[in-house]
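Quick look at run_9.csv (CSV, C-alpha atoms):
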chain,number,residue,atom,x,y,z
O,1,MET,CA,183.0,92.7,-66.7
O,2,THR,CA,184.2,91.5,-63.3
O,3,PRO,CA,181.3,90.1,-61.2
O,4,LEU,CA,180.7,91.9,-57.9
O,5,SER,CA,181.7,90.1,-54.7
O,6,ALA,CA,179.0,88.6,-52.5
O,7,ALA,CA,177.5,91.0,-50.0
O,8,PRO,CA,178.7,90.7,-46.3
O,9,LEU,CA,175.9,89.5,-44.0
O,10,THR,CA,176.6,92.2,-41.4
O,11,VAL,CA,177.9,95.8,-41.7
O,12,PRO,CA,180.3,96.4,-40.0
O,13,GLY,CA,182.0,93.1,-39.6
O,14,ALA,CA,182.8,91.4,-36.3
O,15,ASP,CA,186.0,93.4,-36.1
O,16,GLY,CA,184.1,96.7,-36.4
O,17,HIS,CA,185.4,97.5,-39.8
O,18,PRO,CA,182.9,97.9,-42.7
O,19,ALA,CA,183.6,96.2,-46.0
O,20,LEU,CA,183.7,99.2,-48.3
O,21,GLY,CA,182.6,98.8,-52.0
O,22,ARG,CA,179.8,97.4,-54.1
O,23,PHE,CA,178.5,94.0,-53.6
O,24,ALA,CA,175.8,91.6,-55.0
O,25,GLY,CA,173.3,90.5,-52.5
O,26,ALA,CA,171.8,91.8,-49.2
O,27,ALA,CA,173.2,92.4,-45.8
O,28,THR,CA,170.9,91.3,-42.9
O,29,ARG,CA,172.2,93.7,-40.2
O,30,PHE,CA,173.5,97.2,-39.9
O,31,ASP,CA,174.8,98.3,-36.5
O,32,TRP,CA,176.8,101.5,-36.5
O,33,ALA,CA,177.3,101.3,-32.7
O,34,LEU,CA,179.9,98.5,-33.5
O,35,LEU,CA,182.0,100.7,-35.7
O,36,ALA,CA,185.8,100.7,-35.0
O,37,ALA,CA,188.1,103.7,-35.5
O,38,PRO,CA,188.4,105.7,-37.7
O,39,TYR,CA,184.6,105.5,-38.3
O,40,ALA,CA,183.4,105.1,-34.7
O,41,ARG,CA,181.3,107.9,-33.3
O,42,SER,CA,179.7,108.6,-29.9
O,43,ARG,CA,176.2,107.5,-29.1
O,44,TRP,CA,175.1,111.2,-28.9
O,45,TRP,CA,176.7,112.0,-32.3
O,46,ARG,CA,175.0,109.0,-33.9
O,47,ARG,CA,171.6,110.1,-32.5
O,48,PHE,CA,171.6,113.2,-34.7
O,49,HIS,CA,173.5,111.8,-37.7
O,50,HIS,CA,171.8,108.4,-38.2
O,51,LYS,CA,169.6,108.6,-41.3
O,52,ARG,CA,167.5,105.8,-42.8
O,53,TRP,CA,164.9,105.7,-45.5
O,54,HIS,CA,162.9,103.1,-47.3
O,55,TYR,CA,161.6,104.1,-50.8
O,56,THR,CA,159.4,102.2,-53.2
O,57,ALA,CA,158.6,103.1,-56.9
O,58,LEU,CA,155.7,101.6,-58.8
O,59,ALA,CA,155.6,102.2,-62.6
O,60,THR,CA,153.0,101.3,-65.3
O,61,ASP,CA,152.2,102.8,-68.7
O,62,GLN,CA,149.5,104.9,-66.9
O,63,LEU,CA,151.0,105.7,-63.5
O,64,PHE,CA,154.2,106.4,-61.5
O,65,CYS,CA,154.0,106.2,-57.8
O,66,GLY,CA,156.7,107.1,-55.3
O,67,ILE,CA,156.4,106.2,-51.6
O,68,ALA,CA,159.0,106.8,-48.8
O,69,ILE,CA,159.4,106.5,-45.1
O,70,VAL,CA,162.3,108.5,-43.6
O,71,ASP,CA,163.8,108.5,-40.1
O,72,VAL,CA,166.4,111.2,-39.5
O,73,GLY,CA,167.0,110.2,-35.9
O,74,TRP,CA,165.4,113.1,-34.1
O,75,THR,CA,162.2,113.0,-36.1
O,76,ASN,CA,160.6,111.1,-39.0
O,77,THR,CA,158.4,111.8,-42.1
O,78,ALA,CA,156.7,110.0,-44.9
O,79,PHE,CA,155.3,110.9,-48.3
O,80,ALA,CA,153.5,109.3,-51.3
O,81,TYR,CA,152.3,110.5,-54.6
O,82,VAL,CA,150.5,109.2,-57.7
O,83,PHE,CA,151.5,110.7,-61.0
O,84,GLU,CA,149.1,110.0,-63.9
O,85,ARG,CA,151.3,109.8,-66.9
O,86,THR,CA,148.5,110.2,-69.4
O,87,ARG,CA,147.3,113.5,-67.8
O,88,ARG,CA,150.9,114.5,-66.9
O,89,GLU,CA,150.0,115.5,-63.3
O,90,VAL,CA,150.1,114.4,-59.7
O,91,VAL,CA,146.6,113.2,-59.0
O,92,ALA,CA,147.1,112.3,-55.3
O,93,GLY,CA,149.6,113.0,-52.7
O,94,PHE,CA,150.4,112.5,-49.0
O,95,SER,CA,153.1,114.1,-46.9
O,96,ARG,CA,153.3,114.1,-43.1
O,97,ASP,CA,156.0,114.8,-40.5
O,98,GLY,CA,155.8,112.3,-37.7
O,99,LEU,CA,156.5,112.2,-34.0
O,100,PRO,CA,160.0,111.0,-32.9
O,101,GLY,CA,160.0,107.4,-31.9
O,102,LEU,CA,156.3,107.0,-32.3
O,103,THR,CA,155.0,107.2,-35.9
O,104,ALA,CA,157.7,105.5,-38.0
O,105,ARG,CA,159.5,102.2,-37.7
O,106,LEU,CA,162.3,101.6,-40.2
O,107,ALA,CA,163.4,98.2,-41.2
O,108,GLY,CA,166.9,97.1,-40.0
O,109,HIS,CA,167.7,95.9,-43.5
O,110,ALA,CA,166.3,95.8,-47.0
O,111,GLY,CA,164.4,92.5,-46.3
O,112,GLY,CA,162.6,93.9,-43.3
O,113,HIS,CA,159.3,95.7,-42.8
O,114,SER,CA,159.0,99.5,-42.5
O,115,ARG,CA,155.9,101.3,-41.4
O,116,PHE,CA,154.4,104.7,-40.7
O,117,ARG,CA,151.3,105.5,-38.7
O,118,PHE,CA,149.7,108.9,-38.1
O,119,GLY,CA,146.1,109.0,-37.1
O,120,ALA,CA,144.1,107.1,-39.8
O,121,SER,CA,147.0,107.2,-42.3
O,122,ARG,CA,149.3,104.2,-42.6
O,123,ILE,CA,152.0,103.0,-44.9
O,124,ASP,CA,153.6,99.5,-44.7
O,125,MET,CA,156.4,98.4,-47.1
O,126,SER,CA,158.7,95.5,-47.5
O,127,ALA,CA,160.7,93.9,-50.3
O,128,SER,CA,157.6,92.0,-51.5
O,129,ALA,CA,154.6,94.3,-50.8
O,130,LEU,CA,153.3,97.8,-50.1
O,131,SER,CA,150.1,98.8,-48.5
O,132,LEU,CA,149.0,102.4,-48.1
O,133,ARG,CA,145.9,104.0,-46.6
O,134,CYS,CA,145.4,107.7,-46.3
O,135,LYS,CA,142.7,110.3,-47.1
O,136,GLY,CA,141.7,109.9,-50.7
O,137,LEU,CA,144.4,107.4,-51.6
O,138,GLU,CA,144.8,103.6,-51.3
O,139,ILE,CA,147.5,101.4,-52.7
O,140,GLU,CA,147.8,97.6,-52.4
O,141,ALA,CA,150.8,96.2,-54.3
O,142,ALA,CA,152.7,92.9,-54.5
O,143,PHE,CA,156.1,92.4,-56.0
O,144,GLY,CA,157.7,89.3,-57.6
O,145,ALA,CA,161.0,87.8,-56.7
O,146,PRO,CA,164.0,89.7,-58.1
O,147,ALA,CA,165.5,88.3,-61.2
O,148,ALA,CA,168.9,89.9,-60.5
O,149,PRO,CA,170.9,90.4,-57.3
O,150,LEU,CA,170.3,93.4,-55.0
O,151,LEU,CA,173.1,96.0,-54.9
O,152,LEU,CA,174.7,96.7,-51.6
O,153,ALA,CA,177.0,99.7,-51.6
O,154,VAL,CA,179.0,100.7,-48.5
O,155,GLY,CA,181.3,103.7,-48.3
O,156,PRO,CA,182.6,106.7,-46.3
O,157,VAL,CA,180.9,110.1,-46.5
O,158,ARG,CA,182.5,113.4,-46.0
O,159,GLY,CA,181.2,115.1,-42.8
O,160,GLY,CA,179.6,111.9,-41.7
O,161,ALA,CA,181.1,108.5,-41.1
O,162,VAL,CA,179.8,105.5,-43.2
O,163,HIS,CA,176.7,105.0,-45.4
O,164,ALA,CA,175.1,101.9,-46.8
O,165,THR,CA,172.4,101.5,-49.4
O,166,GLN,CA,170.6,98.5,-50.9
O,167,LYS,CA,168.8,98.8,-54.3
O,168,SER,CA,166.7,96.3,-56.1
O,169,SER,CA,166.4,95.6,-59.8
O,170,GLY,CA,163.0,95.7,-61.5
O,171,LEU,CA,160.3,93.5,-59.8
O,172,ALA,CA,157.2,92.2,-61.4
O,173,LEU,CA,154.2,94.2,-60.1
O,174,GLY,CA,150.6,93.5,-59.4
O,175,GLY,CA,147.9,95.2,-57.4
O,176,SER,CA,145.8,98.4,-57.5
O,177,VAL,CA,145.7,102.1,-56.7
O,178,ARG,CA,142.6,103.9,-55.8
O,179,VAL,CA,142.4,107.7,-55.9
O,180,GLY,CA,139.0,108.8,-54.6
O,181,THR,CA,136.6,106.8,-56.7
O,182,GLN,CA,139.0,106.2,-59.5
O,183,ALA,CA,140.7,102.7,-59.6
O,184,TYR,CA,144.0,101.9,-61.5
O,185,ALA,CA,145.5,98.5,-62.1
O,186,LEU,CA,149.2,97.9,-61.4
O,187,ASP,CA,149.3,94.5,-63.0
O,188,GLY,CA,152.0,94.2,-65.6
O,189,GLY,CA,154.0,97.1,-64.1
O,190,VAL,CA,157.4,97.2,-62.5
O,191,ALA,CA,158.4,98.0,-58.9
O,192,SER,CA,161.7,98.7,-57.3
O,193,PHE,CA,162.9,99.7,-53.9
O,194,ASP,CA,165.8,101.6,-52.1
O,195,TYR,CA,166.7,101.0,-48.5
O,196,SER,CA,169.4,103.3,-47.2
O,197,ASN,CA,171.0,103.4,-43.7
O,198,GLY,CA,174.0,105.6,-42.7
O,199,LEU,CA,175.7,108.2,-40.6
O,200,LEU,CA,175.5,111.3,-42.7
O,201,ALA,CA,176.7,114.9,-42.6
O,202,ARG,CA,174.2,117.6,-41.4
O,203,GLU,CA,174.4,119.1,-44.9
O,204,THR,CA,173.7,116.5,-47.5
O,205,ALA,CA,173.0,116.9,-51.2
O,206,TRP,CA,172.6,114.7,-54.2
O,207,ARG,CA,171.4,114.2,-57.8
O,208,TRP,CA,169.8,110.8,-58.5
O,209,ALA,CA,168.3,108.9,-61.4
O,210,SER,CA,166.6,105.5,-61.4
O,211,ALA,CA,164.5,103.6,-63.9
O,212,HIS,CA,163.7,99.9,-64.2
O,213,GLY,CA,162.2,97.4,-66.5
O,214,LEU,CA,162.3,93.6,-65.8
O,215,ALA,CA,165.4,93.0,-68.0
O,216,LEU,CA,167.1,96.4,-67.8
O,217,GLY,CA,167.4,99.0,-65.0
O,218,PHE,CA,169.9,101.4,-63.4
O,219,ASN,CA,170.6,103.5,-60.4
O,220,LEU,CA,172.8,106.7,-60.6
O,221,GLN,CA,173.9,109.2,-57.9
O,222,ALA,CA,176.2,112.1,-57.8
O,223,GLY,CA,176.8,114.0,-54.5
O,224,TYR,CA,177.4,112.9,-51.0
O,225,PHE,CA,178.0,109.2,-51.8
O,226,GLY,CA,180.1,109.6,-55.0
O,227,ALA,CA,179.8,106.8,-57.4
O,228,HIS,CA,179.4,104.0,-54.8
O,229,GLU,CA,175.8,103.2,-55.7
O,230,ASN,CA,176.0,103.5,-59.5
O,231,ALA,CA,174.9,100.3,-61.1
O,232,LEU,CA,173.2,98.7,-64.1
O,233,TRP,CA,171.0,95.6,-64.1
O,234,LEU,CA,171.0,93.9,-67.4
O,235,ASP,CA,169.5,90.5,-68.2
O,236,GLY,CA,169.9,89.2,-64.7
O,237,ARG,CA,173.4,90.6,-64.2
O,238,LEU,CA,174.5,93.4,-61.8
O,239,ILE,CA,177.2,95.7,-63.2
O,240,GLY,CA,179.0,98.5,-61.4
O,241,LEU,CA,179.1,101.8,-63.2
O,242,GLY,CA,181.5,104.7,-63.0
O,243,ALA,CA,181.0,108.3,-61.8
O,244,ALA,CA,177.8,109.9,-63.2
O,245,THR,CA,177.3,113.3,-64.7
O,246,PHE,CA,173.9,115.1,-64.5
O,247,ASP,CA,173.6,117.8,-67.1
O,248,PHE,CA,170.3,119.6,-66.4
O,249,ASN,CA,168.7,123.0,-65.8
O,250,GLU,CA,168.5,123.5,-62.0
O,251,HIS,CA,165.9,126.2,-62.5
O,252,ASP,CA,163.6,124.3,-64.9
O,253,PRO,CA,162.7,120.8,-63.8
O,254,MET,CA,160.8,120.2,-67.0
O,255,ALA,CA,163.8,120.8,-69.2
O,256,PRO,CA,165.5,117.7,-70.7
O,257,TRP,CA,168.3,116.0,-68.6
O,258,HIS,CA,171.4,114.2,-69.9
O,259,VAL,CA,173.0,111.6,-67.7
O,260,PHE,CA,176.0,109.6,-68.5
O,261,THR,CA,178.9,107.7,-66.8
O,262,ASP,CA,182.6,108.2,-67.2
O,263,ASP,CA,183.2,104.5,-68.0
O,264,GLY,CA,181.3,104.6,-71.3
O,265,LEU,CA,178.7,102.1,-70.2
O,266,LEU,CA,175.6,104.4,-70.0
O,267,ASP,CA,174.4,107.5,-71.9
O,268,LEU,CA,170.8,108.5,-71.5
O,269,HIS,CA,168.5,111.5,-72.2
O,270,PHE,CA,165.6,112.0,-69.8
O,271,THR,CA,162.4,113.7,-70.9
O,272,PRO,CA,160.2,114.9,-67.9
O,273,GLU,CA,156.4,114.3,-68.1
O,274,GLY,CA,155.8,116.2,-64.8
O,275,TYR,CA,157.4,116.5,-61.3
O,276,ARG,CA,156.8,116.5,-57.6
O,277,ARG,CA,158.4,119.2,-55.6
O,278,GLU,CA,158.5,119.7,-51.8
O,279,ASP,CA,160.5,122.3,-49.9
O,280,LYS,CA,160.5,122.5,-46.1
O,281,ASN,CA,162.0,124.9,-43.6
O,282,LEU,CA,161.7,123.7,-40.0
O,283,LEU,CA,164.2,126.2,-38.7
O,284,VAL,CA,166.6,123.6,-37.3
O,285,ALA,CA,166.2,121.6,-40.5
O,286,ALA,CA,165.3,122.2,-44.1
O,287,SER,CA,165.1,120.4,-47.4
O,288,ARG,CA,164.8,121.3,-51.1
O,289,TYR,CA,163.5,118.5,-53.2
O,290,VAL,CA,162.3,118.1,-56.8
O,291,GLN,CA,161.7,114.7,-58.5
O,292,PRO,CA,160.8,114.9,-62.2
O,293,ILE,CA,158.9,111.8,-63.6
O,294,GLY,CA,159.4,110.8,-67.2
O,295,THR,CA,161.2,108.5,-69.6
O,296,PHE,CA,164.8,107.7,-70.5
O,297,CYS,CA,166.1,107.0,-74.0
O,298,GLY,CA,169.7,106.2,-75.1
O,299,TRP,CA,171.9,103.2,-74.6
O,300,VAL,CA,173.7,101.1,-72.0
O,301,ARG,CA,176.2,98.3,-72.3
O,302,ALA,CA,177.7,95.6,-70.0
O,303,SER,CA,181.3,96.5,-70.9
O,304,ARG,CA,183.3,98.8,-73.2
O,305,ASP,CA,183.6,96.1,-75.9
O,306,ALA,CA,180.0,94.9,-75.6
O,307,PRO,CA,177.3,96.0,-78.0
O,308,ARG,CA,175.1,98.9,-77.0
O,309,ARG,CA,171.6,98.0,-75.8
O,310,ALA,CA,169.0,100.6,-76.8
O,311,VAL,CA,166.9,102.1,-74.1
O,312,THR,CA,163.6,103.4,-75.3
O,313,ARG,CA,161.0,105.3,-73.1
O,314,LEU,CA,162.0,103.6,-69.9
O,315,ALA,CA,159.9,105.1,-67.1
O,316,GLY,CA,161.7,106.5,-64.1
O,317,VAL,CA,162.7,109.6,-62.2
O,318,THR,CA,165.5,112.0,-61.7
O,319,GLU,CA,166.0,114.0,-58.5
O,320,ASP,CA,167.8,117.1,-57.2
O,321,HIS,CA,167.8,117.1,-53.4
O,322,ALA,CA,169.5,119.0,-50.6
O,323,SER,CA,168.9,118.6,-46.9
O,324,ARG,CA,170.0,120.2,-43.7
O,325,TRP,CA,169.0,117.5,-41.2
When written as structure tokens, how does the structure in this file appear?
Amino acid sequence: MTPLSAAPLTVPGADGHPALGRFAGAATRFDWALLAAPYARSRWWRRFHHKRWHYTALATDQLFCGIAIVDVGWTNTAFAYVFERTRREVVAGFSRDGLPGLTARLAGHAGGHSRFRFGASRIDMSASALSLRCKGLEIEAAFGAPAAPLLLAVGPVRGGAVHATQKSSGLALGGSVRVGTQAYALDGGVASFDYSNGLLARETAWRWASAHGLALGFNLQAGYFGAHENALWLDGRLIGLGAATFDFNEHDPMAPWHVFTDDGLLDLHFTPEGYRREDKNLLVAASRYVQPIGTFCGWVRASRDAPRRAVTRLAGVTEDHASRW
């Protein structure tokens, strides 16, 4: 296993060229206006193709929560849900399209602070905490320091220009969730986050899988970004993975999934417990989204000659997503 190089501090670099590849650590600045040829684009083009999102997952034996703030340039949106694993259903949810330039402020990098405000509803998230208040749902969560490096992946995208994403390993979790009058403890759970920032094509689609414990976790994507962000966190190490295959039934989100990588380092079966679906058609934009919540079983390993590490009932999600934005 070859360790990943240290992440560049800025993307692109001072010469306008982005360092392409996978890196360990975090960039502290993304500025696509500084891109040099062949990736440079006009200010007007960037206005409609610059997409950013900040997503946080919270997992315990009882709950799985997904929270996201998304800025697509010409508008923004946010969503949150609480899935009760014992009841196998979404017990609380929030989804709101915002007002351009007013309701959302996305962080400039993974260590920054993102927020969404719409009326009495608010979401605040960072690399160390999340706070949410909306009708019938409250979340207060704090995250421990990462025990493994962040992943930074930077690469070109067809129909767009350049995309960058930063993913965390599993983070110790504490706090609480309140749904109506019902309170749930988050203490002893695991959090993770995803900060993404890029110049994407108008039509963008992907399959995604992610799950984390404190010692073992992974991120897989197939679609617009290829294998750039595929990674395994294992005992404090960050390991790049090969291209991922998602074998699943597109018409039945509750059917089992099989995900594996072509380098022989990961082979997992996913059993859904439930799912969140949201389809939107805003005439000029549309999205089709389903995110099953469940558990992964199978094995991973650090290299082809390393012993397999068993994965047993690791809580996480898969996703099938297509957007015209």
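We find CA of Thr77 in chain O and CA of Ser95 in chain O to be spaced 7.5 Å apart.
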*asked:* Taking 2 positions as the minimum chain separation for residues in the same chain, which residues sit within 9 Å of Leu34 in chain O when counting only C-alpha atoms? Answer as a PyMOL selection string.
replied: chain O and resi 11-17+31-32+36+40
*Which of O:Trp299, O:Trp45, O:Phe193, O:Tyr39 sits closest to Leu232 in chain O [using all atoms listed in the file]*: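 Nearest to Leu232 in chain O: O:Trp299.
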_What's the separation between CA of Ala104 in chain O and CA of Gly198 in chain O, in Å to one decimal place?_
17.0 Å
Cut-off 9 Å: closest range 42-118 of chain O/range 127-133 of chain O atom pairs per residue, using only C-alpha atoms, as JSON lines:
{"residue": "O:Thr56", "atom": "CA", "partner": "O:Leu130", "partner_atom": "CA", "distance": 8.1}
{"residue": "O:Ala80", "atom": "CA", "partner": "O:Leu132", "partner_atom": "CA", "distance": 8.8}
{"residue": "O:Ala110", "atom": "CA", "partner": "O:Ala127", "partner_atom": "CA", "distance": 6.8}
{"residue": "O:Gly111", "atom": "CA", "partner": "O:Ala127", "partner_atom": "CA", "distance": 5.6}
{"residue": "O:Gly112", "atom": "CA", "partner": "O:Ala127", "partner_atom": "CA", "distance": 7.3}
{"residue": "O:His113", "atom": "CA", "partner": "O:Ala127", "partner_atom": "CA", "distance": 7.8}
Output requested as a compact mmCIF listing (two decimals), in the frame of the given file - range 294-306 of chain O, filled out with N, CA, C and O atoms.
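After the write, rebuild.txt holds the following:
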# COMPACT_ATOMS: atom_id res chain seq x y z
N GLY O 294 159.44 110.82 -65.72
CA GLY O 294 159.40 110.80 -67.20
C GLY O 294 160.04 109.57 -67.75
O GLY O 294 159.95 108.49 -67.15
N THR O 295 160.68 109.70 -68.90
CA THR O 295 161.20 108.50 -69.60
C THR O 295 162.67 108.77 -70.02
O THR O 295 163.06 109.90 -70.34
N PHE O 296 163.43 107.69 -70.05
CA PHE O 296 164.80 107.70 -70.50
C PHE O 296 164.96 107.02 -71.84
O PHE O 296 164.36 105.97 -72.08
N CYS O 297 165.78 107.62 -72.69
CA CYS O 297 166.10 107.00 -74.00
C CYS O 297 167.64 107.15 -74.17
O CYS O 297 168.26 108.09 -73.67
N GLY O 298 168.22 106.22 -74.88
CA GLY O 298 169.70 106.20 -75.10
C GLY O 298 170.19 104.82 -75.20
O GLY O 298 169.59 103.96 -75.86
N TRP O 299 171.29 104.56 -74.50
CA TRP O 299 171.90 103.20 -74.60
C TRP O 299 172.67 102.90 -73.30
O TRP O 299 173.11 103.80 -72.57
N VAL O 300 172.83 101.61 -73.06
CA VAL O 300 173.70 101.10 -72.00
C VAL O 300 174.45 99.90 -72.60
O VAL O 300 174.09 99.36 -73.65
N ARG O 301 175.49 99.48 -71.93
CA ARG O 301 176.20 98.30 -72.30
C ARG O 301 176.91 97.67 -71.13
O ARG O 301 177.25 98.36 -70.18
N ALA O 302 177.15 96.36 -71.18
CA ALA O 302 177.70 95.60 -70.00
C ALA O 302 179.21 95.89 -69.88
O ALA O 302 179.74 95.76 -68.77
N SER O 303 179.91 96.23 -70.95
CA SER O 303 181.30 96.50 -70.90
C SER O 303 181.69 97.37 -72.12
O SER O 303 180.88 97.52 -73.04
N ARG O 304 182.90 97.93 -72.13
CA ARG O 304 183.30 98.80 -73.20
C ARG O 304 183.29 98.12 -74.58
O ARG O 304 183.06 98.75 -75.62
N ASP O 305 183.56 96.81 -74.59
CA ASP O 305 183.60 96.10 -75.90
C ASP O 305 182.31 95.36 -76.17
O ASP O 305 182.22 94.62 -77.15
N ALA O 306 181.29 95.55 -75.33
CA ALA O 306 180.00 94.90 -75.60
C ALA O 306 179.14 95.79 -76.48
O ALA O 306 179.32 97.01 -76.52
